[in-house]
>>> print(open('entry_11.cif').read())   # mmCIF, C-alpha atoms
data_target
#
loop_
_atom_site.label_atom_id
_atom_site.label_comp_id
_atom_site.auth_asym_id
_atom_site.auth_seq_id
_atom_site.Cartn_x
_atom_site.Cartn_y
_atom_site.Cartn_z
CA MET D 73 59.88 -55.44 7.59
CA PRO D 74 56.53 -54.48 6.02
CA LYS D 75 56.71 -51.93 3.26
CA ILE D 76 54.75 -48.72 3.77
CA LYS D 77 52.83 -47.66 0.69
CA PRO D 78 53.29 -43.94 -0.01
CA ALA D 79 50.52 -41.57 -1.10
CA LYS D 80 50.28 -40.87 -4.80
CA GLY D 81 50.58 -37.19 -5.54
CA ALA D 82 50.44 -35.04 -8.66
CA PRO D 83 53.57 -34.29 -10.71
CA TYR D 84 53.21 -30.57 -9.95
CA ALA D 85 50.78 -28.10 -8.39
CA ARG D 86 49.13 -24.91 -9.66
CA ILE D 87 46.73 -22.22 -8.56
CA LEU D 88 43.44 -23.15 -10.26
CA GLY D 89 41.18 -20.38 -9.00
CA VAL D 90 41.26 -17.19 -6.94
CA GLY D 91 38.50 -15.32 -5.11
CA GLY D 92 38.22 -12.26 -2.91
CA TYR D 93 35.79 -10.63 -0.53
CA ARG D 94 35.92 -6.95 0.41
CA PRO D 95 33.58 -5.72 3.17
CA THR D 96 30.68 -3.51 2.07
CA ARG D 97 31.71 -0.46 4.10
CA VAL D 98 34.26 1.73 2.33
CA VAL D 99 36.16 4.00 4.74
CA PRO D 100 37.80 7.13 3.27
CA ASN D 101 40.70 8.95 4.93
CA GLU D 102 38.27 11.63 6.17
CA VAL D 103 36.82 9.13 8.66
CA ILE D 104 40.29 8.24 9.95
CA LEU D 105 41.04 11.96 10.40
CA GLU D 106 38.22 12.32 12.94
CA ARG D 107 40.48 10.63 15.51
CA ILE D 108 44.03 11.68 14.57
CA ASP D 109 45.82 14.93 13.80
CA SER D 110 46.89 14.32 10.22
CA SER D 111 45.74 15.04 6.66
CA ASP D 112 44.49 13.21 3.61
CA GLU D 113 47.60 14.37 1.74
CA TRP D 114 49.93 13.09 4.51
CA ILE D 115 48.25 9.66 4.57
CA ARG D 116 48.32 9.35 0.78
CA SER D 117 51.96 10.41 0.48
CA ARG D 118 53.18 8.08 3.27
CA SER D 119 51.09 5.03 2.39
CA GLY D 120 49.26 5.48 -0.91
CA ILE D 121 45.99 4.63 0.84
CA GLU D 122 42.84 6.50 -0.23
CA THR D 123 40.15 4.17 1.10
CA ARG D 124 39.95 0.84 2.88
CA HIS D 125 37.14 -1.59 3.73
CA TRP D 126 36.06 -2.21 7.32
CA ALA D 127 33.99 -5.25 8.17
CA SER D 128 30.59 -5.07 9.87
CA PRO D 129 29.78 -7.38 12.80
CA GLU D 130 28.16 -9.76 10.30
CA GLU D 131 31.24 -9.82 8.09
CA THR D 132 33.12 -12.21 10.33
CA VAL D 133 36.41 -13.90 9.54
CA ALA D 134 34.44 -17.06 8.66
CA ALA D 135 31.78 -15.25 6.61
CA MET D 136 34.32 -13.33 4.53
CA SER D 137 36.35 -16.52 4.02
CA VAL D 138 33.33 -18.47 2.81
CA GLU D 139 32.49 -15.73 0.27
CA ALA D 140 36.05 -15.52 -1.09
CA SER D 141 36.42 -19.31 -1.15
CA GLY D 142 33.17 -19.81 -3.05
CA LYS D 143 34.55 -17.67 -5.88
CA ALA D 144 37.91 -19.45 -5.85
CA ILE D 145 36.23 -22.87 -5.96
CA ALA D 146 33.95 -21.79 -8.82
CA GLY D 147 36.96 -20.38 -10.67
CA ALA D 148 38.81 -23.66 -10.25
CA GLY D 149 35.85 -25.52 -11.73
CA ILE D 150 35.65 -28.05 -8.94
CA ASP D 151 33.11 -28.94 -6.29
CA ALA D 152 33.74 -28.12 -2.61
CA SER D 153 33.48 -31.84 -1.81
CA GLN D 154 36.73 -32.42 -3.74
CA ILE D 155 38.75 -30.21 -1.39
CA GLY D 156 41.04 -32.29 0.80
CA ALA D 157 42.45 -29.56 3.04
CA VAL D 158 41.64 -26.02 4.12
CA VAL D 159 44.51 -23.80 5.33
CA VAL D 160 43.55 -20.46 6.85
CA SER D 161 46.11 -17.76 7.56
CA THR D 162 44.93 -15.06 9.94
CA VAL D 163 45.99 -13.05 12.96
CA SER D 164 42.54 -11.60 13.63
CA HIS D 165 40.32 -14.54 14.52
CA PHE D 166 39.70 -13.88 18.19
CA SER D 167 38.80 -17.29 19.48
CA GLN D 168 41.87 -19.27 20.46
CA THR D 169 40.26 -22.62 19.82
CA PRO D 170 38.94 -24.30 17.73
CA ALA D 171 40.64 -23.15 14.54
CA ILE D 172 38.34 -21.12 12.28
CA ALA D 173 39.34 -23.33 9.33
CA THR D 174 37.08 -26.16 10.50
CA GLU D 175 33.96 -23.98 10.49
CA ILE D 176 34.87 -22.63 7.05
CA ALA D 177 35.45 -26.16 5.69
CA ASP D 178 32.06 -27.21 7.02
CA ARG D 179 30.16 -24.18 5.74
CA LEU D 180 31.67 -24.64 2.28
CA GLY D 181 30.39 -28.22 2.12
CA THR D 182 33.72 -29.99 1.99
CA ASN D 183 33.74 -33.69 2.78
CA LYS D 184 35.42 -33.55 6.20
CA ALA D 185 38.50 -31.83 4.71
CA ALA D 186 41.53 -31.48 6.95
CA ALA D 187 41.40 -27.92 8.26
CA PHE D 188 43.74 -25.78 10.32
CA ASP D 189 44.90 -22.21 10.90
CA ILE D 190 48.41 -20.85 10.53
CA SER D 191 49.92 -17.68 11.96
CA ALA D 192 52.47 -16.10 9.66
CA GLY D 193 51.35 -12.48 9.55
CA CYS D 194 51.65 -10.79 6.19
CA ALA D 195 53.62 -13.75 4.82
CA GLY D 196 50.70 -16.06 5.62
CA PHE D 197 49.51 -16.47 2.05
CA GLY D 198 52.93 -17.62 0.85
CA TYR D 199 53.27 -19.97 3.80
CA GLY D 200 49.84 -21.45 3.08
CA LEU D 201 50.57 -21.74 -0.64
CA THR D 202 53.80 -23.60 0.13
CA LEU D 203 51.99 -26.06 2.40
CA ALA D 204 49.29 -26.55 -0.24
CA LYS D 205 51.81 -27.24 -3.00
CA GLY D 206 53.47 -29.83 -0.76
CA MET D 207 50.18 -31.57 0.00
CA VAL D 208 49.14 -31.75 -3.66
CA VAL D 209 52.48 -33.09 -4.85
CA GLU D 210 52.86 -35.48 -1.92
CA GLY D 211 49.31 -36.73 -2.32
CA SER D 212 47.66 -36.01 1.03
CA ALA D 213 45.10 -33.78 -0.72
CA GLU D 214 44.15 -33.44 -4.37
CA TYR D 215 42.82 -29.91 -3.94
CA VAL D 216 43.77 -27.51 -1.17
CA LEU D 217 41.99 -24.28 -0.32
CA VAL D 218 44.33 -21.55 0.95
CA ILE D 219 42.67 -18.57 2.60
CA GLY D 220 44.18 -15.30 3.84
CA VAL D 221 41.65 -13.40 5.93
CA GLU D 222 41.84 -10.47 8.32
CA ARG D 223 39.70 -8.06 10.30
CA LEU D 224 42.60 -5.76 11.10
CA SER D 225 40.19 -2.93 11.94
CA ASP D 226 39.74 -4.84 15.21
CA LEU D 227 43.49 -4.59 15.86
CA THR D 228 43.87 -0.92 14.92
CA ASP D 229 44.52 1.87 17.42
CA LEU D 230 42.42 4.64 15.89
CA GLU D 231 44.25 7.23 18.00
CA ASP D 232 47.72 6.24 16.75
CA ARG D 233 48.54 8.58 13.88
CA ALA D 234 51.25 6.24 12.58
CA THR D 235 48.96 3.25 12.01
CA ALA D 236 45.31 4.35 12.26
CA PHE D 237 45.01 4.73 8.49
CA LEU D 238 46.97 1.65 7.52
CA PHE D 239 44.84 -1.43 7.99
CA GLY D 240 41.83 -2.91 6.25
CA ASP D 241 39.65 -6.00 6.31
CA GLY D 242 38.98 -8.68 3.72
CA ALA D 243 39.52 -12.24 2.57
CA GLY D 244 41.34 -13.77 -0.38
CA ALA D 245 41.40 -17.44 -1.32
CA VAL D 246 42.97 -19.73 -3.89
CA VAL D 247 42.43 -23.36 -4.82
CA VAL D 248 45.67 -25.26 -5.40
CA GLY D 249 45.45 -28.50 -7.34
CA PRO D 250 47.28 -30.93 -9.63
CA SER D 251 49.21 -29.84 -12.70
CA GLN D 252 51.17 -31.59 -15.45
CA GLU D 253 53.55 -28.62 -15.69
CA PRO D 254 55.38 -26.70 -12.95
CA ALA D 255 53.23 -23.65 -12.09
CA ILE D 256 54.43 -22.76 -8.58
CA GLY D 257 58.16 -22.18 -8.21
CA PRO D 258 60.40 -22.93 -5.25
CA THR D 259 59.51 -20.89 -2.16
CA VAL D 260 62.20 -18.67 -0.68
CA TRP D 261 61.05 -18.21 2.90
CA GLY D 262 62.31 -17.69 6.39
CA SER D 263 62.03 -15.87 9.69
CA GLU D 264 64.07 -13.28 11.56
CA GLY D 265 62.95 -13.57 15.17
CA ASP D 266 65.65 -11.18 16.31
CA LYS D 267 63.45 -8.46 14.76
CA ALA D 268 60.25 -9.67 16.47
CA GLN D 269 59.78 -6.34 18.21
CA THR D 270 59.54 -4.27 15.02
CA ILE D 271 55.93 -5.32 14.29
CA LYS D 272 53.91 -6.55 17.24
CA GLN D 273 50.73 -6.49 19.27
CA THR D 274 50.74 -3.63 21.80
CA VAL D 275 49.63 -5.78 24.74
CA SER D 276 49.45 -9.58 25.00
CA TRP D 277 46.10 -11.19 25.82
CA ASP D 278 47.26 -12.68 29.11
CA ARG D 279 47.64 -9.18 30.55
CA PHE D 280 43.84 -9.04 30.65
CA HIS D 281 43.25 -11.93 33.02
CA THR D 282 45.81 -11.24 35.68
CA GLY D 283 43.42 -8.87 37.40
CA ASP D 284 45.88 -5.97 37.38
CA VAL D 285 44.80 -3.66 34.60
CA SER D 286 46.41 -0.53 36.04
CA GLU D 287 49.25 -0.41 33.51
CA LEU D 288 47.22 -1.24 30.41
CA PRO D 289 47.08 1.53 27.79
CA VAL D 290 43.92 3.66 27.83
CA ASP D 291 42.31 5.83 25.16
CA SER D 292 41.49 9.55 25.37
CA GLU D 293 38.30 8.73 27.30
CA GLY D 294 40.07 6.55 29.84
CA ASN D 295 38.83 3.22 28.51
CA ILE D 296 41.28 0.31 28.37
CA LYS D 297 42.45 -0.14 24.80
CA PHE D 298 42.01 -3.42 22.96
CA PRO D 299 45.40 -4.72 21.74
CA ALA D 300 46.50 -3.23 18.43
CA ILE D 301 49.25 -3.75 15.89
CA THR D 302 52.16 -1.38 16.24
CA GLN D 303 55.37 -1.09 14.25
CA GLU D 304 58.69 0.69 14.01
CA GLY D 305 58.06 2.36 10.68
CA GLN D 306 61.58 3.17 9.54
CA ALA D 307 63.06 -0.18 10.58
CA VAL D 308 60.25 -2.08 8.86
CA PHE D 309 60.54 0.08 5.74
CA ARG D 310 64.27 -0.55 5.44
CA TRP D 311 63.88 -4.30 5.94
CA ALA D 312 60.93 -4.54 3.58
CA VAL D 313 62.46 -2.59 0.73
CA PHE D 314 66.06 -3.64 0.79
CA GLU D 315 66.10 -7.10 2.40
CA MET D 316 62.87 -8.26 0.75
CA ALA D 317 64.05 -7.11 -2.68
CA LYS D 318 66.90 -9.61 -2.24
CA VAL D 319 64.43 -12.36 -1.29
CA ALA D 320 62.27 -11.53 -4.30
CA GLN D 321 65.32 -11.77 -6.57
CA GLN D 322 66.22 -15.13 -4.99
CA ALA D 323 62.72 -16.42 -5.74
CA LEU D 324 63.09 -15.36 -9.39
CA ASP D 325 66.51 -17.03 -9.58
CA ALA D 326 65.23 -20.22 -7.90
CA ALA D 327 62.44 -20.45 -10.48
CA GLY D 328 64.83 -19.77 -13.35
CA ILE D 329 62.86 -16.69 -14.34
CA SER D 330 64.46 -13.39 -15.33
CA SER D 331 62.62 -10.15 -14.67
CA ASP D 332 62.23 -9.82 -18.46
CA ASP D 333 60.13 -13.03 -18.42
CA LEU D 334 57.92 -11.68 -15.65
CA ASP D 335 54.41 -10.36 -16.39
CA VAL D 336 53.15 -9.39 -12.95
CA PHE D 337 54.57 -8.42 -9.55
CA ILE D 338 52.26 -8.91 -6.55
CA PRO D 339 54.02 -7.88 -3.35
CA HIS D 340 52.23 -7.82 -0.01
CA GLN D 341 50.22 -4.59 0.00
CA ALA D 342 51.91 -3.01 3.03
CA ASN D 343 52.49 0.52 1.80
CA VAL D 344 52.73 1.95 -1.71
CA ARG D 345 56.11 3.49 -0.89
CA ILE D 346 57.50 0.05 -0.05
CA ILE D 347 56.07 -1.30 -3.31
CA ASP D 348 57.52 1.56 -5.39
CA SER D 349 60.94 1.27 -3.76
CA MET D 350 60.99 -2.51 -4.22
CA VAL D 351 60.19 -2.10 -7.92
CA LYS D 352 63.08 0.37 -8.20
CA THR D 353 65.51 -1.80 -6.21
CA LEU D 354 64.58 -4.91 -8.23
CA LYS D 355 64.92 -2.88 -11.48
CA LEU D 356 61.72 -4.45 -12.81
CA PRO D 357 61.18 -3.68 -16.51
CA GLU D 358 58.38 -1.29 -17.54
CA HIS D 359 56.21 -4.07 -18.98
CA VAL D 360 55.74 -5.74 -15.57
CA THR D 361 52.30 -5.02 -14.11
CA VAL D 362 52.63 -4.06 -10.45
CA ALA D 363 49.77 -4.62 -7.97
CA ARG D 364 48.88 -1.44 -6.07
CA ASP D 365 45.59 -2.63 -4.62
CA ILE D 366 46.56 -0.98 -1.34
CA ARG D 367 45.18 2.35 -2.60
CA THR D 368 41.59 1.20 -2.11
CA THR D 369 42.05 -1.80 0.16
CA GLY D 370 44.63 -0.77 2.76
CA ASN D 371 46.96 -3.31 4.32
CA THR D 372 45.03 -6.55 4.83
CA SER D 373 48.00 -8.68 5.92
CA ALA D 374 47.53 -12.32 4.88
CA ALA D 375 44.63 -11.40 2.57
CA SER D 376 46.49 -8.78 0.54
CA ILE D 377 48.18 -10.94 -2.11
CA PRO D 378 45.15 -13.05 -3.15
CA LEU D 379 42.94 -9.91 -3.04
CA ALA D 380 45.38 -8.05 -5.29
CA MET D 381 45.68 -11.07 -7.58
CA GLU D 382 41.92 -11.32 -7.91
CA ARG D 383 41.58 -7.62 -8.73
CA LEU D 384 44.33 -7.64 -11.39
CA LEU D 385 42.61 -10.56 -13.11
CA ALA D 386 39.15 -8.98 -12.77
CA THR D 387 40.25 -5.66 -14.28
CA GLY D 388 42.18 -7.34 -17.08
CA GLU D 389 45.49 -5.81 -15.98
CA ALA D 390 46.72 -9.38 -15.65
CA LYS D 391 45.50 -12.49 -17.44
CA SER D 392 45.31 -16.21 -16.85
CA GLY D 393 48.64 -17.87 -17.63
CA ASP D 394 50.71 -14.80 -16.76
CA THR D 395 53.89 -15.37 -14.76
CA ALA D 396 53.73 -13.56 -11.42
CA LEU D 397 56.23 -12.97 -8.64
CA VAL D 398 54.52 -12.92 -5.24
CA ILE D 399 56.18 -11.95 -1.97
CA GLY D 400 54.73 -11.61 1.52
CA PHE D 401 56.59 -10.17 4.50
CA GLY D 402 55.65 -8.95 7.93
CA ALA D 403 55.33 -9.59 11.63
CA GLY D 404 57.73 -12.23 12.92
CA LEU D 405 59.55 -11.07 11.04
CA VAL D 406 58.67 -13.65 8.39
CA TYR D 407 58.73 -13.74 4.62
CA ALA D 408 57.86 -15.98 1.67
CA ALA D 409 58.36 -15.41 -2.05
CA THR D 410 57.67 -17.53 -5.09
CA VAL D 411 56.86 -17.36 -8.79
CA VAL D 412 53.43 -18.62 -9.90
CA THR D 413 51.40 -19.00 -13.05
CA LEU D 414 48.18 -17.02 -12.61
CA PRO D 415 44.93 -18.98 -12.73
CA MET E 123 90.27 6.48 1.01
CA ALA E 124 87.96 8.17 3.46
CA ALA E 125 85.77 10.94 2.08
CA THR E 126 86.25 14.53 3.20
CA GLN E 127 83.47 16.65 4.65
CA GLU E 128 83.09 18.41 1.31
CA GLU E 129 82.83 15.13 -0.58
CA ILE E 130 80.25 13.82 1.87
CA VAL E 131 78.03 16.90 1.54
CA ALA E 132 78.29 16.70 -2.26
CA GLY E 133 77.44 12.99 -2.14
CA LEU E 134 74.47 13.55 0.15
CA ALA E 135 73.28 16.33 -2.14
CA GLU E 136 73.29 13.94 -5.11
CA ILE E 137 71.45 11.29 -3.09
CA VAL E 138 68.81 13.71 -1.80
CA ASN E 139 68.40 15.08 -5.31
CA GLU E 140 67.79 11.62 -6.72
CA ILE E 141 65.40 10.47 -3.98
CA ALA E 142 63.46 13.65 -3.19
CA GLY E 143 64.12 15.78 -6.27
CA ILE E 144 65.67 18.61 -4.23
CA PRO E 145 68.20 20.81 -6.14
CA VAL E 146 71.73 19.84 -5.10
CA GLU E 147 72.61 23.43 -4.18
CA ASP E 148 69.88 23.44 -1.49
CA VAL E 149 71.57 20.63 0.42
CA GLN E 150 73.69 22.54 2.95
CA LEU E 151 75.09 21.55 6.36
CA ASP E 152 72.51 23.53 8.35
CA LYS E 153 69.49 22.21 6.44
CA SER E 154 67.04 19.90 8.20
CA PHE E 155 66.08 16.87 6.11
CA THR E 156 62.42 16.96 7.11
CA ASP E 157 61.77 20.67 7.65
CA ASP E 158 63.89 22.23 4.88
CA LEU E 159 64.42 19.52 2.30
CA ASP E 160 61.04 17.77 2.28
CA VAL E 161 62.62 14.38 2.99
CA ASP E 162 59.99 12.45 4.97
CA SER E 163 60.74 9.60 7.38
CA LEU E 164 60.51 6.91 4.70
CA SER E 165 62.59 8.81 2.13
CA MET E 166 65.11 9.33 4.93
CA VAL E 167 65.55 5.56 5.09
CA GLU E 168 66.30 5.53 1.38
CA VAL E 169 68.80 8.37 1.81
CA VAL E 170 70.47 6.47 4.66
CA VAL E 171 70.75 3.23 2.69
CA ALA E 172 72.17 5.05 -0.34
CA ALA E 173 74.66 6.87 1.93
CA GLU E 174 75.69 3.58 3.55
CA GLU E 175 76.58 2.14 0.14
CA ARG E 176 78.31 5.24 -1.12
CA PHE E 177 80.43 5.93 1.96
CA ASP E 178 80.93 2.37 3.22
CA VAL E 179 79.34 3.07 6.58
CA LYS E 180 76.69 1.35 8.71
CA ILE E 181 73.90 3.56 10.06
CA PRO E 182 71.65 1.48 12.36
CA ASP E 183 67.92 2.32 12.64
CA GLU E 184 68.35 3.62 16.19
CA ASP E 185 70.87 6.22 14.96
CA VAL E 186 68.79 7.41 12.00
CA LYS E 187 66.45 9.44 14.20
CA ASN E 188 69.40 11.52 15.47
CA LEU E 189 70.34 12.62 11.97
CA LYS E 190 68.19 15.75 11.79
CA THR E 191 70.35 17.91 9.55
CA VAL E 192 72.74 17.40 6.65
CA GLY E 193 75.46 18.41 9.14
CA ASP E 194 74.43 15.63 11.56
CA ALA E 195 74.63 13.06 8.78
CA THR E 196 77.94 14.39 7.49
CA GLU E 197 79.50 14.26 10.94
CA TYR E 198 78.17 10.73 11.51
CA ILE E 199 79.61 9.51 8.22
CA LEU E 200 82.97 11.23 8.85
CA LYS E 201 83.21 9.47 12.21
CA HIS E 202 82.04 6.01 11.12
CA GLN E 203 83.17 5.56 7.52
CA GLY E 204 85.24 2.49 6.69
#
>>> encode(input="entry_11.cif", output="structure tokens")
Amino acid sequence: MPKIKPAKGAPYARILGVGGYRPTRVVPNEVILERIDSSDEWIRSRSGIETRHWASPEETVAAMSVEASGKAIAGAGIDASQIGAVVVSTVSHFSQTPAIATEIADRLGTNKAAAFDISAGCAGFGYGLTLAKGMVVEGSAEYVLVIGVERLSDLTDLEDRATAFLFGDGAGAVVVGPSQEPAIGPTVWGSEGDKAQTIKQTVSWDRFHTGDVSELPVDSEGNIKFPAITQEGQAVFRWAVFEMAKVAQQALDAAGISSDDLDVFIPHQANVRIIDSMVKTLKLPEHVTVARDIRTTGNTSAASIPLAMERLLATGEAKSGDTALVIGFGAGLVYAATVVTLP
Amino acid sequence: MAATQEEIVAGLAEIVNEIAGIPVEDVQLDKSFTDDLDVDSLSMVEVVVAAEERFDVKIPDEDVKNLKTVGDATEYILKHQG
């Protein structure tokens, strides 16, 4: 029998560079309040959100991704032509096919890099990072670009007082490449499809082409509403705080890191109350820097962790070489947590 | 041993005090969590989870919305505690 030669991978993988793109338009709570009966104080106390960024028509999923990726590639100190694979996590690219990753790979000037999209909601960054680590260590790509990008303003019901204020737009990207030392820990990840209904799209796309639109939801002016993201707030809060704290602890344990060794905690930026409760449940020591980028970015799903990572490094709250616990969780329900060395 | 009504109210008062900073003496059977005690929907989840641990009881999400007052919660725990 002929012997198949395996690929030659790196001993370990690490995040080499991170980049973010936030749309130019900053939207304060006052704008949200034009459509819902609520208050700035209510929104801040329930979510922590003060402002968020909404993308313009020109700030497409691809355009934002290219901007964020350019910074990540520069930070990694490599050339785009060295990238072997591009993994894009998004739920708000509205063309079913082809994947948006191929356009992004081309616009960045990669050399025909493998490119594909994944759908893992707010856990998308961790899912992409896990795939990237595998590719680098296995040898199918030397450098992998992982992008989380969303235009959730397109999937927001501006007349729903429970979610109108919650979502934002943006892109975050990292370059994952070879390392001589372990710099990305084991991933603790999974799915709980029995809770699929707790975060979902209001109406599925196929309802729009059956011809019968009589039962589709309409807005206050009688226009058919575009699908939006809706959630069962209390159920999601309970799962996120108490079940995800356990997953975060498992990721620390799997990496052999105690919370005393930890420098930074970057949870998915879903809601500041979830973040605060997780910190309390995990009993994180005072010295751990906690990402609360949600205050000025809103919930950007797959983009939230790399965006928060980039901001912590840019402001100096975190530094290169710091040990960070990252955890994403959301629609699916899905989750992914791991410990990384910051680029 | 199962907790008495008095013990449950006292326990809930401690929990509400810790989570929402409400004085324990304000937590009475007829008080509404949201209207009287300033416990919002998310803090209510924290109260519920703490009560589950303390009184060895399961309070599913679909039942949480029926627990409007301290009395509702006390009765629920009395009926369902392990």
>>> residues_around(input="entry_11.cif", residues="Ile144 in chain E", least_positions_apart="6", cutoff="12 Å", atoms="only C-alpha atoms", output="MDAnalysis selection string")
chainID E and resid 134:138 150 153 155:156 158:161
>>> residues_around(input="entry_11.cif", residues="range 162-172 of chain E", least_positions_apart="5", cutoff="10 Å", atoms="all atoms listed in the file", output="short mmCIF file (atom, residue, chain, number, x, y, z; two decimals) with C-alpha atoms, keeping the file's coordinate frame")
data_model
loop_
_atom_site.label_atom_id
_atom_site.label_comp_id
_atom_site.auth_asym_id
_atom_site.auth_seq_id
_atom_site.Cartn_x
_atom_site.Cartn_y
_atom_site.Cartn_z
CA SER D 117 51.96 10.41 0.48
CA ARG D 118 53.18 8.08 3.27
CA SER D 119 51.09 5.03 2.39
CA GLY D 305 58.06 2.36 10.68
CA GLN D 306 61.58 3.17 9.54
CA ALA D 307 63.06 -0.18 10.58
CA VAL D 308 60.25 -2.08 8.86
CA PHE D 309 60.54 0.08 5.74
CA ARG D 310 64.27 -0.55 5.44
CA VAL D 313 62.46 -2.59 0.73
CA PHE D 314 66.06 -3.64 0.79
CA ARG D 345 56.11 3.49 -0.89
CA ILE D 346 57.50 0.05 -0.05
CA SER D 349 60.94 1.27 -3.76
CA GLY E 133 77.44 12.99 -2.14
CA LEU E 134 74.47 13.55 0.15
CA ALA E 135 73.28 16.33 -2.14
CA GLU E 136 73.29 13.94 -5.11
CA ILE E 137 71.45 11.29 -3.09
CA VAL E 138 68.81 13.71 -1.80
CA ASN E 139 68.40 15.08 -5.31
CA GLU E 140 67.79 11.62 -6.72
CA ILE E 141 65.40 10.47 -3.98
CA ALA E 142 63.46 13.65 -3.19
CA PHE E 155 66.08 16.87 6.11
CA THR E 156 62.42 16.96 7.11
CA ASP E 157 61.77 20.67 7.65
CA PHE E 177 80.43 5.93 1.96
CA ASP E 178 80.93 2.37 3.22
CA VAL E 179 79.34 3.07 6.58
CA LYS E 180 76.69 1.35 8.71
CA ILE E 181 73.90 3.56 10.06
CA PRO E 182 71.65 1.48 12.36
CA ASP E 183 67.92 2.32 12.64
CA VAL E 186 68.79 7.41 12.00
CA LYS E 187 66.45 9.44 14.20
CA LEU E 189 70.34 12.62 11.97
CA LYS E 190 68.19 15.75 11.79
CA ALA E 195 74.63 13.06 8.78
#
>>> resolve_selection(input="entry_11.cif", expression="the PyMOL selection byres ((chain D and resi 262) around 9)", output="PDB file with C-alpha atoms, in the coordinates of the input")
ATOM      1  CA  VAL D 260      62.200 -18.670  -0.680  1.00  0.00           C
ATOM      2  CA  TRP D 261      61.050 -18.210   2.900  1.00  0.00           C
ATOM      3  CA  SER D 263      62.030 -15.870   9.690  1.00  0.00           C
ATOM      4  CA  GLU D 264      64.070 -13.280  11.560  1.00  0.00           C
ATOM      5  CA  LEU D 405      59.550 -11.070  11.040  1.00  0.00           C
ATOM      6  CA  VAL D 406      58.670 -13.650   8.390  1.00  0.00           C
ATOM      7  CA  TYR D 407      58.730 -13.740   4.620  1.00  0.00           C
ATOM      8  CA  ALA D 408      57.860 -15.980   1.670  1.00  0.00           C
TER       9      ALA D 408
END
>>> resolve_selection(input="entry_11.cif", expression="the PyMOL selection byres ((chain D and resi 181) around 10)", output="count of residues only")
14
>>> resolve_selection(input="entry_11.cif", expression="the PyMOL selection byres ((chain D and resi 274) around 6)", output="list in words")
Gln273, Val275, Pro299 and Ala300 of chain D
>>> closest_residue(input="entry_11.cif", among="D:Lys75, D:Arg279, D:Arg86, D:Arg107", to="Gln252 in chain D", atoms="all atoms listed in the file")
D:Arg86
>>> residues_around(input="entry_11.cif", residues="Phe239 in chain D", least_positions_apart="4", cutoff="9 Å", atoms="only C-alpha atoms", output="PyMOL selection string")
chain D and resi 124-126+223-225+227-228+235+342+369-373
>>> atom_distance(input="entry_11.cif", atom1="CA of Leu334 in chain D", atom2="CA of Ser137 in chain D")
29.6 Å
>>> atom_distance(input="entry_11.cif", atom1="CA of Pro415 in chain D", atom2="CA of Lys391 in chain D")
8.0 Å
>>> closest_residue(input="entry_11.cif", among="E:Val149, E:Glu184, E:Gly204, E:Ala132", to="chain D", atoms="all atoms listed in the file")
E:Glu184
>>> atom_distance(input="entry_11.cif", atom1="CA of Met381 in chain D", atom2="CA of Gly328 in chain D")
21.8 Å
>>> residues_near_point(input="entry_11.cif", point="(52.2, -11.3, -2.5)", cutoff="10 Å", atoms="all atoms listed in the file", output="number ranges by chain")
D: 194-198, 337-342, 363, 373-381, 396-401, 407-411
>>> closest_residue(input="entry_11.cif", among="D:Val248, D:Ile301, D:Ala134, D:Ala234", to="chain E", atoms="all atoms listed in the file")
D:Ala234
>>> closest_residue(input="entry_11.cif", among="E:Ile130, E:Ala124, E:Leu151, E:Val146", to="Thr191 in chain E", atoms="all atoms listed in the file")
E:Leu151
>>> closest_residue(input="entry_11.cif", among="E:Asp185, E:Pro145, E:Arg176, E:Ala125", to="Leu200 in chain E", atoms="only C-alpha atoms")
E:Ala125
>>> build_atoms(input="entry_11.cif", residues="range 148-156 of chain D", atoms="N, CA and C atoms", output="PDB file, keeping the file's coordinate frame")
ATOM      1  N   ALA D 148      38.016 -22.451 -10.034  1.00  0.00           N
ATOM      2  CA  ALA D 148      38.810 -23.660 -10.250  1.00  0.00           C
ATOM      3  C   ALA D 148      38.014 -24.727 -10.992  1.00  0.00           C
ATOM      4  N   GLY D 149      36.690 -24.551 -11.029  1.00  0.00           N
ATOM      5  CA  GLY D 149      35.850 -25.520 -11.730  1.00  0.00           C
ATOM      6  C   GLY D 149      35.734 -26.854 -11.010  1.00  0.00           C
ATOM      7  N   ILE D 150      35.810 -26.811  -9.700  1.00  0.00           N
ATOM      8  CA  ILE D 150      35.650 -28.050  -8.940  1.00  0.00           C
ATOM      9  C   ILE D 150      34.470 -27.894  -7.983  1.00  0.00           C
ATOM     10  N   ASP D 151      34.151 -28.977  -7.296  1.00  0.00           N
ATOM     11  CA  ASP D 151      33.110 -28.940  -6.290  1.00  0.00           C
ATOM     12  C   ASP D 151      33.773 -28.914  -4.905  1.00  0.00           C
ATOM     13  N   ALA D 152      33.140 -28.243  -3.957  1.00  0.00           N
ATOM     14  CA  ALA D 152      33.740 -28.120  -2.610  1.00  0.00           C
ATOM     15  C   ALA D 152      34.046 -29.489  -2.004  1.00  0.00           C
ATOM     16  N   SER D 153      33.258 -30.503  -2.384  1.00  0.00           N
ATOM     17  CA  SER D 153      33.480 -31.840  -1.810  1.00  0.00           C
ATOM     18  C   SER D 153      34.812 -32.447  -2.239  1.00  0.00           C
ATOM     19  N   GLN D 154      35.443 -31.886  -3.277  1.00  0.00           N
ATOM     20  CA  GLN D 154      36.730 -32.420  -3.740  1.00  0.00           C
ATOM     21  C   GLN D 154      37.916 -31.854  -2.960  1.00  0.00           C
ATOM     22  N   ILE D 155      37.655 -30.843  -2.133  1.00  0.00           N
ATOM     23  CA  ILE D 155      38.750 -30.210  -1.390  1.00  0.00           C
ATOM     24  C   ILE D 155      39.202 -31.120  -0.243  1.00  0.00           C
ATOM     25  N   GLY D 156      40.511 -31.382  -0.207  1.00  0.00           N
ATOM     26  CA  GLY D 156      41.040 -32.290   0.800  1.00  0.00           C
ATOM     27  C   GLY D 156      41.594 -31.584   2.029  1.00  0.00           C
TER      28      GLY D 156
END
